[in-house]
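Beneath this line is the structure, given in structure tokens, with notes to follow.
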Amino acid sequence: MMAIRKILRIGSPVLRQVSQPVPDNEMGSKELKNLIKDMHQTMNAANGVGLAAPQIGVLKQVVVVGQSDTERYADTIERSEYMVIINPKITPQENEVRGYWEGCLSVPDMRGYVERVRKIRMQWVDQHGTKFDEIIEGFDAVVYQHECDHLKGELYIDKLKDPLLFGFNEELDDEQDE
Ligand code: NI
């Protein structure tokens, strides 16, 4: 049984807690499989590009990334449709940063400008416990850093470049139209 879960929004103390690593003996388990299915379904229903387990109230180091609506992100998402990232470790590969306007399903209808390291090394396992170790750049690096921050109890609004570069999408869109 799959289920769309409720996404916690900013203000929920759960979003500020640190998630626990998934232990080896839970890799490939039915419980983990069900969690990931729910996360995919919840992310797709909310039209997001990424979702971290704490956003649905589960304090485990699990992230899903991807979009069924690939049309919309065709020019930005460089990887395969869906990725499961468990127990990630991110190491910056250079000091150079790059800024993007970010949004978050836990901070709905808003966006803010954040600068992050442009190039990272990410080590993680998938739901079967298979190990990965890759150098990642571009928009993917932004998404992974954003999602992995959730596992540390951090939100993008903690890292705003400038408090003025933040607001409701509708207001920012109006402003940019003028
Ligand atoms: Ni987020």
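Convention: chains lettered A, B, ... in structure tokens order; per-chain residue numbering from 1; ligands numbered from 1 as shown.
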Ligand 1 neighbours within 9 Å using only C-alpha atoms and all ligand atoms, as a VMD selection string
chain A and resid 48 50 to 52 55 102 to 107 143 146 to 150 155 to 156
Distance query stretch 32-43 of chain A at most 10 Å, only C-alpha atoms, self and fewer than 2 positions along chain excluded, as number ranges by chain:
A: 1-7, 22, 26-30, 45-53, 55-56, 58, 60, 62-68, 82-84, 105, 127-128
For the selection just defined, write its residues with N, CA, C and O atoms to a file, as a short mmCIF file (atom, residue, chain, number, x, y, z; two decimals), in the first residue's frame.
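Written output follows (again32.cif):
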data_model
loop_
_atom_site.label_atom_id
_atom_site.label_comp_id
_atom_site.auth_asym_id
_atom_site.auth_seq_id
_atom_site.Cartn_x
_atom_site.Cartn_y
_atom_site.Cartn_z
N MET A 1 0.84 -1.21 0.00
CA MET A 1 0.00 0.00 0.00
C MET A 1 0.88 1.25 0.00
O MET A 1 1.70 1.45 0.88
N MET A 2 0.66 2.08 -1.00
CA MET A 2 1.38 3.35 -1.02
C MET A 2 0.48 4.43 -0.44
O MET A 2 -0.73 4.31 -0.44
N ALA A 3 1.11 5.46 0.03
CA ALA A 3 0.32 6.52 0.65
C ALA A 3 1.01 7.86 0.46
O ALA A 3 2.23 7.96 0.55
N ILE A 4 0.19 8.84 0.18
CA ILE A 4 0.71 10.21 0.17
C ILE A 4 0.72 10.68 1.61
O ILE A 4 -0.30 10.66 2.28
N ARG A 5 1.90 11.05 2.08
CA ARG A 5 2.03 11.50 3.47
C ARG A 5 1.92 13.02 3.55
O ARG A 5 2.17 13.72 2.58
N LYS A 6 1.62 13.45 4.75
CA LYS A 6 1.56 14.89 4.99
C LYS A 6 2.98 15.44 5.06
O LYS A 6 3.84 14.87 5.73
N ILE A 7 3.22 16.53 4.36
CA ILE A 7 4.54 17.17 4.40
C ILE A 7 4.55 18.21 5.51
O ILE A 7 3.71 19.12 5.54
N VAL A 22 20.52 5.03 8.42
CA VAL A 22 19.82 3.75 8.29
C VAL A 22 20.85 2.65 8.53
O VAL A 22 21.88 2.61 7.85
N GLU A 26 18.86 -2.82 7.92
CA GLU A 26 17.56 -2.35 7.39
C GLU A 26 17.58 -2.16 5.87
O GLU A 26 16.54 -1.92 5.26
N MET A 27 18.80 -2.30 5.27
CA MET A 27 18.89 -2.16 3.81
C MET A 27 18.10 -3.30 3.16
O MET A 27 18.21 -4.45 3.56
N GLY A 28 17.32 -2.94 2.15
CA GLY A 28 16.52 -3.95 1.44
C GLY A 28 15.29 -4.40 2.21
O GLY A 28 14.56 -5.27 1.74
N SER A 29 15.04 -3.82 3.37
CA SER A 29 13.88 -4.26 4.16
C SER A 29 12.59 -3.72 3.58
O SER A 29 12.56 -2.74 2.84
N LYS A 30 11.50 -4.39 3.94
CA LYS A 30 10.19 -3.98 3.46
C LYS A 30 9.84 -2.60 4.01
O LYS A 30 9.26 -1.77 3.32
N ALA A 45 3.18 14.00 -5.88
CA ALA A 45 1.88 14.65 -5.65
C ALA A 45 2.08 16.13 -5.37
O ALA A 45 1.23 16.96 -5.72
N ALA A 46 3.20 16.46 -4.75
CA ALA A 46 3.46 17.86 -4.38
C ALA A 46 4.26 18.57 -5.48
O ALA A 46 4.57 19.75 -5.35
N ASN A 47 4.59 17.83 -6.55
CA ASN A 47 5.32 18.41 -7.68
C ASN A 47 6.72 18.91 -7.28
O ASN A 47 7.16 19.96 -7.75
N GLY A 48 7.37 18.16 -6.42
CA GLY A 48 8.70 18.56 -5.95
C GLY A 48 9.81 17.85 -6.72
O GLY A 48 9.55 16.88 -7.43
N VAL A 49 11.04 18.35 -6.59
CA VAL A 49 12.19 17.68 -7.21
C VAL A 49 12.99 16.87 -6.20
O VAL A 49 13.89 16.14 -6.58
N GLY A 50 12.65 17.01 -4.93
CA GLY A 50 13.35 16.25 -3.92
C GLY A 50 12.56 16.23 -2.63
O GLY A 50 11.74 17.13 -2.38
N LEU A 51 12.77 15.18 -1.85
CA LEU A 51 12.09 15.10 -0.56
C LEU A 51 12.96 14.31 0.41
O LEU A 51 13.53 13.28 0.04
N ALA A 52 13.08 14.80 1.62
CA ALA A 52 13.87 14.12 2.65
C ALA A 52 12.91 13.53 3.68
O ALA A 52 11.86 14.12 3.97
N ALA A 53 13.28 12.37 4.23
CA ALA A 53 12.39 11.65 5.16
C ALA A 53 11.88 12.52 6.32
O ALA A 53 10.70 12.43 6.67
N GLN A 55 10.93 15.39 6.32
CA GLN A 55 9.81 16.22 5.86
C GLN A 55 8.47 15.50 5.98
O GLN A 55 7.42 16.15 5.95
N ILE A 56 8.50 14.17 6.07
CA ILE A 56 7.26 13.45 6.36
C ILE A 56 7.30 12.87 7.78
O ILE A 56 6.59 11.92 8.11
N VAL A 58 9.82 11.37 9.44
CA VAL A 58 10.64 10.19 9.71
C VAL A 58 12.10 10.63 9.82
O VAL A 58 12.70 11.08 8.84
N LYS A 60 15.08 9.63 9.57
CA LYS A 60 16.07 8.72 9.01
C LYS A 60 16.76 9.41 7.84
O LYS A 60 16.14 10.22 7.14
N VAL A 62 17.26 9.44 4.71
CA VAL A 62 16.77 8.96 3.41
C VAL A 62 16.26 10.16 2.61
O VAL A 62 15.50 10.98 3.12
N VAL A 63 16.71 10.23 1.35
CA VAL A 63 16.30 11.30 0.45
C VAL A 63 15.87 10.68 -0.87
O VAL A 63 16.50 9.73 -1.34
N VAL A 64 14.81 11.20 -1.48
CA VAL A 64 14.50 10.83 -2.86
C VAL A 64 14.58 12.09 -3.71
O VAL A 64 14.24 13.19 -3.27
N VAL A 65 15.06 11.90 -4.93
CA VAL A 65 15.22 13.01 -5.86
C VAL A 65 14.67 12.56 -7.21
O VAL A 65 14.82 11.41 -7.60
N GLY A 66 14.04 13.47 -7.93
CA GLY A 66 13.55 13.14 -9.26
C GLY A 66 12.23 13.80 -9.53
O GLY A 66 11.67 14.46 -8.66
N GLN A 67 11.73 13.62 -10.72
CA GLN A 67 10.47 14.24 -11.11
C GLN A 67 9.82 13.42 -12.18
O GLN A 67 10.46 13.04 -13.15
N SER A 68 8.53 13.15 -12.02
CA SER A 68 7.81 12.45 -13.09
C SER A 68 7.54 13.43 -14.23
O SER A 68 7.50 13.07 -15.39
N TYR A 82 14.83 9.00 -11.06
CA TYR A 82 14.70 8.82 -9.62
C TYR A 82 16.00 8.34 -9.00
O TYR A 82 16.66 7.47 -9.51
N MET A 83 16.29 8.92 -7.88
CA MET A 83 17.46 8.47 -7.14
C MET A 83 17.09 8.35 -5.68
O MET A 83 16.35 9.17 -5.15
N VAL A 84 17.61 7.34 -5.05
CA VAL A 84 17.43 7.18 -3.61
C VAL A 84 18.79 7.38 -2.97
O VAL A 84 19.77 6.74 -3.36
N LEU A 105 9.43 22.13 -0.27
CA LEU A 105 8.04 21.71 -0.01
C LEU A 105 7.62 22.01 1.43
O LEU A 105 6.44 22.09 1.71
N GLN A 127 18.83 1.95 -1.65
CA GLN A 127 17.98 1.15 -0.75
C GLN A 127 18.41 -0.30 -0.62
O GLN A 127 17.96 -1.02 0.25
N HIS A 128 19.31 -0.75 -1.52
CA HIS A 128 19.82 -2.12 -1.43
C HIS A 128 21.15 -2.17 -0.69
O HIS A 128 21.73 -3.25 -0.53
#
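The coordinates place atom CA of A:Gln20 at 17.9 Å from atom CA of A:Leu8.
Minimum atom-to-atom distance to A:Arg16, evaluated using only C-alpha atoms, belongs to A:Pro54 out of A:Glu134, A:Pro54, A:Leu160, A:Pro92.
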Among stretch 3-132 of chain A, which residues carry a DSSP assignment of helix (DSSP H, G or I), reported as an NGL selection string?
:A and (13-16 or 24-26 or 30-45 or 53-56 or 70-73)
Give me the residues near A:Pro21 as a PyMOL selection string, where near means some atom within 7 Å (using only C-alpha atoms) and where sequence neighbours in that chain fewer than 2 positions away do not count.
chain A and resi 19+23+60-61+87
When DSSP works through the backbone of this structure, what residues of stretch 19-165 of chain A end up as strand (DSSP E), shown as a PyMOL selection string?
chain A and resi 50-52+62-66+82-92+97-104+107-117+119-125+131-137
Leaving out A:Lys89 and any residue of its chain fewer than 2 positions from it, which residues lie within 8 Å of it when counting only C-alpha atoms, given as a ChimeraX atom specification?
/A:87,91,122-124
What separation in Å, quoted to one decimal, exists between atom CA of A:Gly138 and atom CA of A:Asp109?
23.7 Å
